[in-house]
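Colleague: Supplied structure: query.csv, CSV, C-alpha atoms and all ligand atoms.
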```csv
chain,number,residue,atom,x,y,z
A,1,MET,CA,16.8,10.4,23.7
A,2,SER,CA,14.7,7.2,24.3
A,3,GLN,CA,16.6,4.0,23.8
A,4,GLN,CA,13.4,1.9,23.6
A,5,SER,CA,12.0,1.2,20.1
A,6,LEU,CA,8.9,3.1,19.1
A,7,THR,CA,5.7,1.1,18.9
A,8,MET,CA,3.2,1.2,16.0
A,9,VAL,CA,-0.3,0.0,15.1
A,10,ASP,CA,-0.9,-1.0,11.4
A,11,LEU,CA,-4.5,-0.1,10.6
A,12,PHE,CA,-6.0,-1.3,7.3
A,13,ALA,CA,-2.9,-3.5,7.4
A,14,GLY,CA,-3.5,-5.4,4.1
A,15,LEU,CA,-0.6,-7.8,3.5
A,16,GLY,CA,1.4,-5.9,6.1
A,17,GLY,CA,3.4,-3.4,4.0
A,18,PHE,CA,3.6,-0.9,6.8
A,19,SER,CA,4.7,-3.6,9.2
A,20,ALA,CA,7.4,-4.7,6.9
A,21,ALA,CA,8.6,-1.1,6.6
A,22,ALA,CA,8.5,-0.7,10.4
A,23,GLY,CA,10.6,-3.8,10.8
A,24,ARG,CA,13.3,-2.3,8.5
A,25,VAL,CA,13.8,0.7,10.7
A,26,GLY,CA,13.3,-1.0,14.1
A,27,ILE,CA,9.8,0.1,15.0
A,28,LYS,CA,7.9,-2.5,16.9
A,29,VAL,CA,4.4,-3.4,15.6
A,30,VAL,CA,2.0,-4.0,18.6
A,31,LEU,CA,-1.2,-4.5,16.6
A,32,ALA,CA,-2.3,-5.0,13.0
A,33,THR,CA,-5.9,-5.0,11.9
A,34,ASP,CA,-7.9,-5.4,8.7
A,35,VAL,CA,-11.3,-6.8,7.7
A,36,SER,CA,-10.0,-9.2,5.0
A,37,GLN,CA,-9.5,-12.9,5.4
A,38,THR,CA,-6.9,-13.0,2.6
A,39,CYS,CA,-4.9,-10.2,4.3
A,40,GLU,CA,-5.1,-12.1,7.7
A,41,THR,CA,-3.7,-15.2,6.0
A,42,ILE,CA,-0.8,-13.3,4.4
A,43,TYR,CA,-0.1,-11.2,7.5
A,44,ARG,CA,0.0,-14.2,9.8
A,45,ALA,CA,2.4,-16.1,7.5
A,46,ASN,CA,4.9,-13.2,7.7
A,47,PHE,CA,4.6,-11.4,11.0
A,48,THR,CA,4.3,-12.2,14.7
A,49,ALA,CA,2.5,-9.1,15.8
A,50,PRO,CA,-1.1,-9.7,16.9
A,51,PHE,CA,-3.5,-9.4,14.0
A,52,VAL,CA,-7.2,-8.7,14.6
A,53,ARG,CA,-9.6,-9.3,11.7
A,54,GLN,CA,-12.3,-6.8,12.3
A,55,ASP,CA,-14.3,-4.0,10.5
A,56,ILE,CA,-13.0,-0.7,11.8
A,57,ARG,CA,-16.6,0.6,12.0
A,58,GLN,CA,-17.9,-1.9,14.5
A,59,ALA,CA,-17.1,-4.3,17.4
A,60,SER,CA,-16.7,-8.0,16.3
A,61,ALA,CA,-19.5,-9.0,18.6
A,62,PRO,CA,-21.7,-7.3,21.2
A,63,GLY,CA,-19.6,-6.6,24.3
A,64,GLN,CA,-16.3,-7.1,22.3
A,65,PRO,CA,-13.9,-4.2,22.0
A,66,SER,CA,-13.9,-2.1,18.9
A,67,VAL,CA,-10.8,-1.5,16.8
A,68,SER,CA,-10.6,2.0,18.3
A,69,GLU,CA,-10.7,0.5,21.9
A,70,LEU,CA,-8.0,-2.1,21.0
A,71,VAL,CA,-5.7,0.6,19.6
A,72,THR,CA,-6.3,2.9,22.6
A,73,ALA,CA,-5.4,0.0,24.9
A,74,ALA,CA,-2.2,-0.7,22.9
A,75,GLN,CA,-1.0,2.9,23.4
A,76,PRO,CA,1.2,3.0,20.3
A,77,ASP,CA,3.6,5.8,19.5
A,78,ILE,CA,2.6,5.8,15.8
A,79,VAL,CA,-0.6,4.8,14.0
A,80,THR,CA,-0.3,4.0,10.3
A,81,ALA,CA,-3.2,3.7,7.9
A,82,GLY,CA,-3.4,3.2,4.1
A,83,PHE,CA,-7.1,3.7,4.2
A,84,PRO,CA,-9.3,2.4,1.3
A,85,CYS,CA,-9.0,4.6,-1.7
A,86,GLN,CA,-11.7,3.7,-4.2
A,87,SER,CA,-13.6,6.8,-3.3
A,88,PHE,CA,-10.8,9.1,-4.3
A,89,SER,CA,-9.1,7.0,-7.0
A,90,ARG,CA,-9.2,8.3,-10.6
A,91,ALA,CA,-10.0,4.7,-11.6
A,92,GLY,CA,-13.1,4.8,-9.4
A,93,ARG,CA,-16.2,6.9,-9.3
A,94,GLN,CA,-14.6,9.7,-7.3
A,95,ALA,CA,-17.5,9.9,-4.8
A,96,GLY,CA,-15.1,11.2,-2.1
A,97,LEU,CA,-16.1,11.6,1.5
A,98,ALA,CA,-19.8,11.3,0.6
A,99,ASP,CA,-19.3,7.9,-1.1
A,100,PRO,CA,-22.7,6.2,-0.5
A,101,LEU,CA,-20.8,2.8,-0.1
A,102,GLY,CA,-19.2,4.3,2.9
A,103,ARG,CA,-15.5,3.9,1.8
A,104,GLY,CA,-14.8,7.6,2.0
A,105,GLN,CA,-16.5,7.7,5.4
A,106,LEU,CA,-13.8,5.4,6.8
A,107,VAL,CA,-11.8,8.6,7.1
A,108,PHE,CA,-14.2,9.7,9.9
A,109,ASP,CA,-13.7,6.3,11.7
A,110,LEU,CA,-10.0,6.9,11.4
A,111,LEU,CA,-10.3,10.4,12.8
A,112,ASN,CA,-12.5,9.1,15.7
A,113,LEU,CA,-9.9,6.5,16.4
A,114,LEU,CA,-7.0,9.0,16.5
A,115,ARG,CA,-9.1,11.2,18.8
A,116,ALA,CA,-9.5,8.3,21.2
A,117,ALA,CA,-6.1,6.7,21.0
A,118,ARG,CA,-4.0,9.9,20.7
A,119,PRO,CA,-0.8,8.4,19.3
A,120,ARG,CA,2.3,10.7,19.3
A,121,ALA,CA,2.3,10.5,15.5
A,122,PHE,CA,0.5,9.0,12.5
A,123,LEU,CA,1.3,8.3,8.9
A,124,LEU,CA,-1.6,8.1,6.5
A,125,GLU,CA,-1.4,7.0,2.8
A,126,ASN,CA,-3.8,7.3,-0.1
A,127,VAL,CA,-3.9,7.7,-3.8
A,128,ALA,CA,-2.2,10.9,-5.2
A,129,ASN,CA,-5.6,11.9,-6.6
A,130,LEU,CA,-6.9,12.5,-3.1
A,131,ALA,CA,-4.8,15.8,-3.2
A,132,ALA,CA,-6.7,16.9,-6.3
A,133,HIS,CA,-10.1,15.6,-5.4
A,134,ALA,CA,-12.9,18.3,-5.4
A,135,GLY,CA,-10.3,20.9,-6.3
A,136,GLY,CA,-8.3,20.1,-3.1
A,137,ALA,CA,-11.3,20.6,-0.8
A,138,THR,CA,-11.4,16.9,0.3
A,139,LEU,CA,-7.8,16.9,1.4
A,140,GLY,CA,-8.3,20.4,2.9
A,141,GLN,CA,-11.2,19.0,5.0
A,142,ILE,CA,-9.1,16.0,6.2
A,143,LEU,CA,-6.1,18.1,7.1
A,144,GLN,CA,-8.3,20.6,9.0
A,145,GLU,CA,-9.9,17.8,11.0
A,146,LEU,CA,-6.5,16.4,11.8
A,147,THR,CA,-5.3,19.8,12.9
A,148,SER,CA,-8.4,20.3,15.1
A,149,LEU,CA,-7.5,17.0,16.9
A,150,GLY,CA,-4.3,18.9,18.0
A,151,TYR,CA,-1.9,17.5,15.5
A,152,PHE,CA,0.7,19.3,13.4
A,153,VAL,CA,0.4,18.0,9.9
A,154,THR,CA,2.4,17.9,6.7
A,155,HIS,CA,1.7,16.1,3.4
A,156,SER,CA,3.5,15.2,0.3
A,157,VAL,CA,2.9,13.3,-3.0
A,158,LEU,CA,5.9,10.9,-3.5
A,159,ASP,CA,6.6,8.5,-6.3
A,160,ALA,CA,7.9,5.2,-5.0
A,161,HIS,CA,10.1,4.9,-8.1
A,162,VAL,CA,11.9,8.1,-7.2
A,163,ILE,CA,12.3,7.4,-3.5
A,164,SER,CA,13.0,3.6,-3.6
A,165,GLY,CA,14.9,3.4,-6.9
A,166,LEU,CA,12.7,0.4,-7.8
A,167,PRO,CA,11.3,0.2,-11.4
A,168,ALA,CA,7.8,0.7,-10.1
A,169,ARG,CA,5.7,3.8,-10.6
A,170,ARG,CA,3.5,4.5,-7.5
A,171,GLU,CA,2.6,8.1,-6.8
A,172,ARG,CA,0.9,8.3,-3.4
A,173,LEU,CA,-0.2,11.0,-1.0
A,174,TYR,CA,1.4,10.7,2.5
A,175,ILE,CA,0.1,12.7,5.5
A,176,VAL,CA,2.3,12.8,8.6
A,177,GLY,CA,0.9,14.2,11.8
A,178,VAL,CA,2.7,14.7,15.1
A,179,ALA,CA,1.5,15.9,18.5
A,180,ARG,CA,4.2,18.5,19.0
A,181,GLN,CA,5.4,21.3,16.8
A,182,GLU,CA,9.1,20.6,17.5
A,183,TRP,CA,8.7,17.1,16.1
A,184,LEU,CA,7.2,18.5,12.9
A,185,GLU,CA,10.2,20.9,12.6
A,186,ARG,CA,12.6,17.9,13.0
A,187,PHE,CA,10.7,15.8,10.4
A,188,ALA,CA,12.0,15.6,6.9
A,189,TRP,CA,10.5,13.8,3.9
A,190,PRO,CA,12.9,11.3,2.3
A,191,SER,CA,15.0,12.3,-0.7
A,192,ALA,CA,15.5,10.6,-4.0
A,193,ALA,CA,17.3,7.3,-4.3
A,194,GLN,CA,20.9,7.3,-5.3
A,195,LYS,CA,20.7,4.0,-7.1
A,196,PHE,CA,18.0,2.8,-9.6
A,197,VAL,CA,17.2,-0.8,-10.3
A,198,GLY,CA,16.7,-1.7,-14.0
A,199,TRP,CA,13.3,-3.3,-14.8
A,200,ARG,CA,14.8,-6.6,-16.0
A,201,GLU,CA,16.6,-7.0,-12.7
A,202,ILE,CA,13.3,-7.8,-11.0
A,203,LEU,CA,12.3,-10.6,-13.4
A,204,GLN,CA,12.6,-14.2,-12.4
A,205,PRO,CA,14.5,-16.6,-14.7
A,206,PRO,CA,12.1,-18.2,-17.3
A,207,ALA,CA,12.9,-21.7,-16.0
A,208,GLN,CA,11.5,-20.8,-12.6
A,209,ILE,CA,8.2,-19.5,-13.9
A,210,ALA,CA,5.1,-21.7,-14.0
A,211,ASP,CA,3.6,-22.6,-17.4
A,212,LYS,CA,0.3,-21.0,-16.4
A,213,TYR,CA,1.8,-17.5,-16.9
A,214,TYR,CA,2.8,-18.2,-20.5
A,215,GLU,CA,-0.7,-19.7,-21.1
A,216,THR,CA,-2.2,-16.5,-19.9
A,217,GLY,CA,0.2,-14.6,-22.2
A,218,ARG,CA,-0.9,-16.7,-25.2
A,219,LYS,CA,-4.6,-16.1,-24.4
A,220,LEU,CA,-4.0,-12.3,-24.2
A,221,ALA,CA,-2.0,-12.2,-27.4
A,222,ALA,CA,-4.9,-14.0,-29.2
A,223,HIS,CA,-7.0,-10.9,-28.5
A,224,VAL,CA,-4.7,-8.6,-30.5
A,225,PRO,CA,-3.6,-10.8,-33.5
A,226,GLY,CA,-0.5,-9.6,-35.4
A,227,PHE,CA,0.6,-7.2,-32.5
A,228,ASP,CA,4.4,-6.8,-32.4
A,229,TRP,CA,5.3,-7.8,-28.8
A,230,ARG,CA,8.8,-6.7,-28.2
A,231,ALA,CA,11.2,-8.0,-25.5
A,232,ASP,CA,12.5,-4.4,-24.8
A,233,THR,CA,9.1,-3.1,-23.7
A,234,ILE,CA,6.7,-3.4,-20.7
A,235,TYR,CA,3.0,-3.7,-21.6
A,236,THR,CA,-0.3,-3.7,-19.9
A,237,TYR,CA,-3.5,-5.1,-21.4
A,238,ARG,CA,-6.6,-3.1,-20.3
A,239,ARG,CA,-9.7,-4.8,-21.4
A,240,SER,CA,-9.5,-4.0,-25.1
A,241,TYR,CA,-6.2,-2.3,-25.8
A,242,VAL,CA,-2.5,-2.8,-25.2
A,243,ARG,CA,-0.5,0.0,-23.7
A,244,ALA,CA,3.3,0.3,-23.6
A,245,ALA,CA,4.9,1.7,-20.4
A,246,ALA,CA,7.2,4.6,-20.8
A,247,GLY,CA,10.8,4.9,-19.5
A,248,GLY,CA,11.5,1.3,-18.5
A,249,VAL,CA,9.4,1.7,-15.3
A,250,PHE,CA,6.5,-0.7,-14.5
A,251,PRO,CA,3.1,1.2,-14.3
A,252,THR,CA,1.5,1.4,-10.9
A,253,LEU,CA,0.3,-2.0,-9.7
A,254,MET,CA,-3.4,-2.0,-9.0
A,255,ALA,CA,-5.8,-3.9,-6.8
A,256,ASN,CA,-7.9,-4.9,-9.8
A,257,MET,CA,-5.1,-7.0,-11.4
A,258,GLY,CA,-6.5,-10.3,-12.3
A,259,THR,CA,-5.3,-13.8,-13.1
A,260,GLY,CA,-6.6,-13.4,-16.6
A,261,GLY,CA,-3.6,-11.1,-17.0
A,262,TYR,CA,-5.8,-7.9,-17.2
A,263,ASN,CA,-4.0,-4.9,-15.8
A,264,VAL,CA,-1.0,-7.0,-14.8
A,265,PRO,CA,2.2,-5.7,-16.4
A,266,LEU,CA,3.3,-7.9,-19.3
A,267,VAL,CA,6.8,-8.8,-20.4
A,268,VAL,CA,8.3,-11.0,-23.1
A,269,ASP,CA,11.1,-13.3,-22.1
A,270,LYS,CA,12.7,-16.3,-23.8
A,271,ARG,CA,9.6,-18.4,-23.4
A,272,GLY,CA,7.2,-15.8,-24.6
A,273,LEU,CA,4.7,-13.2,-23.5
A,274,ARG,CA,3.5,-13.4,-19.9
A,275,PRO,CA,2.1,-11.3,-17.0
A,276,LEU,CA,4.5,-10.6,-14.1
A,277,THR,CA,4.4,-13.3,-11.5
A,278,VAL,CA,3.1,-12.6,-8.0
A,279,ARG,CA,6.7,-12.8,-6.8
A,280,GLU,CA,7.8,-10.2,-9.3
A,281,CYS,CA,4.9,-7.9,-8.2
A,282,ALA,CA,6.1,-8.4,-4.6
A,283,ARG,CA,9.6,-7.4,-5.6
A,284,LEU,CA,8.2,-4.2,-7.2
A,285,GLN,CA,6.7,-3.3,-3.9
A,286,GLY,CA,10.1,-3.8,-2.3
A,287,LEU,CA,9.0,-6.9,-0.4
A,288,SER,CA,12.0,-9.3,0.1
A,289,ASP,CA,12.0,-12.7,-1.5
A,290,ASP,CA,11.5,-14.4,1.9
A,291,PHE,CA,8.1,-12.7,2.2
A,292,VAL,CA,5.7,-15.6,2.1
A,293,LEU,CA,2.9,-15.5,-0.5
A,294,PRO,CA,0.8,-18.4,0.9
A,295,ALA,CA,0.4,-21.2,-1.6
A,296,GLU,CA,-3.2,-21.9,-0.5
A,297,LEU,CA,-4.3,-18.5,-1.8
A,298,LEU,CA,-5.4,-18.0,-5.4
A,299,ASP,CA,-3.2,-15.7,-7.6
A,300,LYS,CA,-6.1,-13.3,-8.0
A,301,HIS,CA,-6.2,-12.7,-4.3
A,302,LEU,CA,-2.4,-12.3,-4.1
A,303,TYR,CA,-2.4,-9.9,-7.0
A,304,GLN,CA,-5.1,-7.9,-5.3
A,305,ALA,CA,-3.3,-7.7,-2.0
A,306,LEU,CA,0.0,-6.8,-3.8
A,307,GLY,CA,-1.7,-4.1,-5.9
A,308,ASN,CA,-3.0,-2.6,-2.6
A,309,SER,CA,0.3,-2.7,-0.8
A,310,ILE,CA,2.5,0.2,-0.1
A,311,SER,CA,6.0,0.4,-1.4
A,312,VAL,CA,8.0,-0.9,1.5
A,313,PRO,CA,11.3,1.0,1.0
A,314,THR,CA,9.4,4.2,0.4
A,315,VAL,CA,7.4,3.9,3.6
A,316,ALA,CA,10.5,2.7,5.5
A,317,ALA,CA,12.2,5.9,4.5
A,318,ILE,CA,9.3,8.0,5.8
A,319,LEU,CA,9.0,6.0,9.0
A,320,GLY,CA,12.8,6.5,9.5
A,321,GLY,CA,12.3,10.3,9.2
A,322,LEU,CA,9.4,10.1,11.7
A,323,GLN,CA,11.4,8.0,14.1
A,324,ALA,CA,14.3,10.5,13.9
A,325,ALA,CA,11.9,13.4,14.6
A,326,LEU,CA,10.3,11.6,17.7
A,327,THR,CA,13.4,10.3,19.4
B,1,LIG,C1,-5.3,0.1,0.4
B,1,LIG,S1,-5.5,-1.4,1.3
B,1,LIG,C2,-4.2,-1.2,2.5
B,1,LIG,C3,-2.9,-2.0,2.1
B,1,LIG,C4,-1.8,-2.0,3.1
B,1,LIG,N1,-1.4,-0.7,3.5
B,1,LIG,C5,-0.7,-2.8,2.6
B,1,LIG,O1,0.5,-2.3,2.6
B,1,LIG,O2,-0.9,-3.9,2.2
B,1,LIG,C6,-6.9,-1.0,2.3
B,1,LIG,C7,-7.3,-2.1,3.2
B,1,LIG,O3,-8.4,-1.7,4.0
B,1,LIG,C8,-9.2,-2.9,4.3
B,1,LIG,N2,-10.5,-2.4,4.7
B,1,LIG,C9,-11.5,-2.0,3.9
B,1,LIG,N3,-12.6,-1.6,4.6
B,1,LIG,C10,-12.3,-1.9,5.9
B,1,LIG,C11,-13.0,-1.7,7.1
B,1,LIG,N4,-14.3,-1.3,7.1
B,1,LIG,N5,-12.4,-2.1,8.3
B,1,LIG,C12,-11.2,-2.6,8.3
B,1,LIG,N6,-10.4,-2.7,7.1
B,1,LIG,C13,-11.0,-2.4,6.0
B,1,LIG,C14,-9.1,-3.7,3.1
B,1,LIG,O4,-9.3,-5.1,3.4
B,1,LIG,C15,-7.7,-3.4,2.6
B,1,LIG,O5,-6.8,-4.4,3.0
```
As structure tokens - that is how I would like this structure written.
Modeller:
Amino acid sequence: MSQQSLTMVDLFAGLGGFSAAAGRVGIKVVLATDVSQTCETIYRANFTAPFVRQDIRQASAPGQPSVSELVTAAQPDIVTAGFPCQSFSRAGRQAGLADPLGRGQLVFDLLNLLRAARPRAFLLENVANLAAHAGGATLGQILQELTSLGYFVTHSVLDAHVISGLPARRERLYIVGVARQEWLERFAWPSAAQKFVGWREILQPPAQIADKYYETGRKLAAHVPGFDWRADTIYTYRRSYVRAAAGGVFPTLMANMGTGGYNVPLVVDKRGLRPLTVRECARLQGLSDDFVLPAELLDKHLYQALGNSISVPTVAAILGGLQAALT
């Protein structure tokens, strides 16, 4: 049994969801990397791990190390990657690995990186639809490539609501790979939460909420005159129609949530109709209230990063299982 904490590299780190989850189970993040300036700002406001803003496909400048070389030098036990999902998402065009914009191709950069860095284990995350894409052939190809690198792999589609008990739907495909069969035999996926949080419990008190949110709510309501907005229902407004969420669980937060209130879940409180605040979205992803949402960033950028984030307690539970298997 090793007493030293495991180390991890957070690839496609976004706002640092995997890093927050690692912190909860005592895994040390030695490197985080993402191409986005917004993500760098959020990450640096919350974590001390080195952050490198760089495209995974290339070196930052001639003669500079690539992300793959940086990860190889860091020698992490675990690599995590919530690789970009537009190519597989039901909401996107479903171009898959052959996406001409290259977003599906990032899987191959990830595979090359794993081949070079050879971590003891990895945890990959993507939209649930990746499992169904091309009748399962896309996932089959990815799993086969991972196996041919010498990893023992397992995958599961988990809903963050079920695992974390938070009132946030988020079905995601998780792929775990380990370099030894015995580690795979010791690994177990997390089980369902014992306790569930009610959707109103994540709401901020109306007095704490900026007027701009209610102004957005009034503008959205004007698009559907006479609609009966009820305080006991969660809504979303998707371009031209209002949808009520079932079961008292917020629908999956998405990267295309905007400040105009589109796609952001809507609630009615004592002051009126409004979209969830960025803090409430952070709570739905399981980020604690001391997680800094930098004031210099526009809400639309924060919504986007929060819609891209993993569910922190869900991933912490998976990383806990991986840690138990490896140590
Ligand atoms: C689904 S998000 C990951 C979110 C992250 N797991 C979290 O918890 O916040 C995908 C990330 O990949 C980044 N990305 C997209 N293309 C990239 C590239 N070529 N190189 C590096 N990062 C890239 C995006 O900026 C985005 O933050």
Colleague: When distances are computed from only C-alpha atoms, which of A:Ile310, A:Pro294, A:Trp199, A:Glu40 shows the smallest separation from Phe83 in chain A?
Modeller: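 Between A:Ile310, A:Pro294, A:Trp199, A:Glu40, the residue approaching Phe83 in chain A most closely is A:Ile310.
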Colleague: Could you name the residues that touch Ala49 in chain A at 10 Å or less, counting only C-alpha atoms, but leaving out those on the same chain fewer than 4 positions away, as number ranges by chain?
Modeller: A: 9-10, 19, 28-32, 43-44
Colleague: Pick the closest to Leu114 in chain A from A:Leu149, A:Leu297, A:Leu273, A:Ala131: which is it, counting all atoms listed in the file?
Modeller: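 When distances to Leu114 in chain A are compared using all atoms listed in the file, the smallest one comes from A:Leu149.
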Colleague: I'd like to know which of A:Val278, A:Ile234, A:Ala193, A:Leu319 is closest to Val79 in chain A, using only C-alpha atoms.
Modeller: A:Leu319
Colleague: For a test of reading the model, state the distance in Å between CA of Phe227 in chain A and CA of Pro275 in chain A, rounded to one decimal.
Modeller: 16.1 Å
Colleague: Any chance you could tabulate, as a Markdown table, the residues of chain A at most 9 Å from ligand LIG 1 (chain B) with each one's nearest atom pair and distance in Å to one decimal, using all atoms listed in the file, in chain and rising number order?
Modeller:
```
| residue | atom | partner | partner_atom | distance |
| --- | --- | --- | --- | --- |
| A:Asp10 | CA | B:LIG1 | N1 | 7.9 |
| A:Leu11 | CA | B:LIG1 | N6 | 7.3 |
| A:Phe12 | CA | B:LIG1 | O3 | 4.1 |
| A:Ala13 | CA | B:LIG1 | C4 | 4.7 |
| A:Gly14 | CA | B:LIG1 | O2 | 3.6 |
| A:Leu15 | CA | B:LIG1 | O2 | 4.1 |
| A:Gly16 | CA | B:LIG1 | O2 | 4.9 |
| A:Gly17 | CA | B:LIG1 | O1 | 3.4 |
| A:Phe18 | CA | B:LIG1 | O1 | 5.4 |
| A:Ser19 | CA | B:LIG1 | O1 | 7.9 |
| A:Ala20 | CA | B:LIG1 | O1 | 8.5 |
| A:Thr33 | CA | B:LIG1 | C12 | 6.8 |
| A:Asp34 | CA | B:LIG1 | N6 | 4.0 |
| A:Val35 | CA | B:LIG1 | N6 | 4.2 |
| A:Ser36 | CA | B:LIG1 | O4 | 4.5 |
| A:Gln37 | CA | B:LIG1 | O4 | 8.1 |
| A:Thr38 | CA | B:LIG1 | O4 | 8.3 |
| A:Cys39 | CA | B:LIG1 | O5 | 6.2 |
| A:Arg53 | CA | B:LIG1 | C12 | 7.7 |
| A:Gln54 | CA | B:LIG1 | C12 | 5.9 |
| A:Asp55 | CA | B:LIG1 | N5 | 3.5 |
| A:Ile56 | CA | B:LIG1 | N5 | 3.8 |
| A:Arg57 | CA | B:LIG1 | N4 | 5.7 |
| A:Gln58 | CA | B:LIG1 | N4 | 8.3 |
| A:Val67 | CA | B:LIG1 | C12 | 8.6 |
| A:Thr80 | CA | B:LIG1 | N1 | 8.3 |
| A:Ala81 | CA | B:LIG1 | N1 | 6.5 |
| A:Gly82 | CA | B:LIG1 | N1 | 4.4 |
| A:Phe83 | CA | B:LIG1 | C6 | 5.1 |
| A:Pro84 | CA | B:LIG1 | C6 | 4.3 |
| A:Cys85 | CA | B:LIG1 | C1 | 6.2 |
| A:Gln86 | CA | B:LIG1 | C1 | 8.7 |
| A:Gly102 | CA | B:LIG1 | N4 | 8.5 |
| A:Arg103 | CA | B:LIG1 | N3 | 6.8 |
| A:Leu106 | CA | B:LIG1 | N4 | 6.7 |
| A:Asp109 | CA | B:LIG1 | N4 | 8.9 |
| A:Glu125 | CA | B:LIG1 | N1 | 7.7 |
| A:Asn126 | CA | B:LIG1 | C1 | 7.4 |
| A:Val127 | CA | B:LIG1 | C1 | 8.8 |
| A:Ala255 | CA | B:LIG1 | C1 | 8.3 |
| A:Ala305 | CA | B:LIG1 | O2 | 6.2 |
| A:Leu306 | CA | B:LIG1 | O2 | 6.7 |
| A:Gly307 | CA | B:LIG1 | O2 | 8.1 |
| A:Asn308 | CA | B:LIG1 | C1 | 4.6 |
| A:Ser309 | CA | B:LIG1 | O1 | 3.4 |
| A:Ile310 | CA | B:LIG1 | O1 | 4.2 |
| A:Ser311 | CA | B:LIG1 | O1 | 7.3 |
| A:Val312 | CA | B:LIG1 | O1 | 7.7 |
```
Colleague: Do you know which residues lie at most 10 Å from (-0.3, -16.2, -11.5), with coordinates as in the file and only C-alpha atoms counted, and could you write them as a list in words?
Modeller: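 Applying the cut-off with only C-alpha atoms, one gets Ile209, Ala210, Asp211, Lys212, Tyr213, Tyr214, Thr216, Gly258, Thr259, Gly260, Gly261, Val264, Arg274, Pro275, Leu276, Thr277, Val278, Arg279, Leu298, Asp299, Lys300, His301, Leu302 and Tyr303 of chain A.
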Colleague: Which residues come within 7 Å of Tyr237 in chain A, counting all atoms listed in the file, excluding same-chain residues fewer than 4 positions away, as a PDB file with C-alpha atoms, keeping the file's coordinate frame?
Modeller:
```pdb
ATOM      1  CA  TYR A 241      -6.200  -2.300 -25.800  1.00  0.00           C
ATOM      2  CA  VAL A 242      -2.500  -2.800 -25.200  1.00  0.00           C
ATOM      3  CA  ARG A 243      -0.500   0.000 -23.700  1.00  0.00           C
ATOM      4  CA  TYR A 262      -5.800  -7.900 -17.200  1.00  0.00           C
ATOM      5  CA  ASN A 263      -4.000  -4.900 -15.800  1.00  0.00           C
TER       6      ASN A 263
END
```
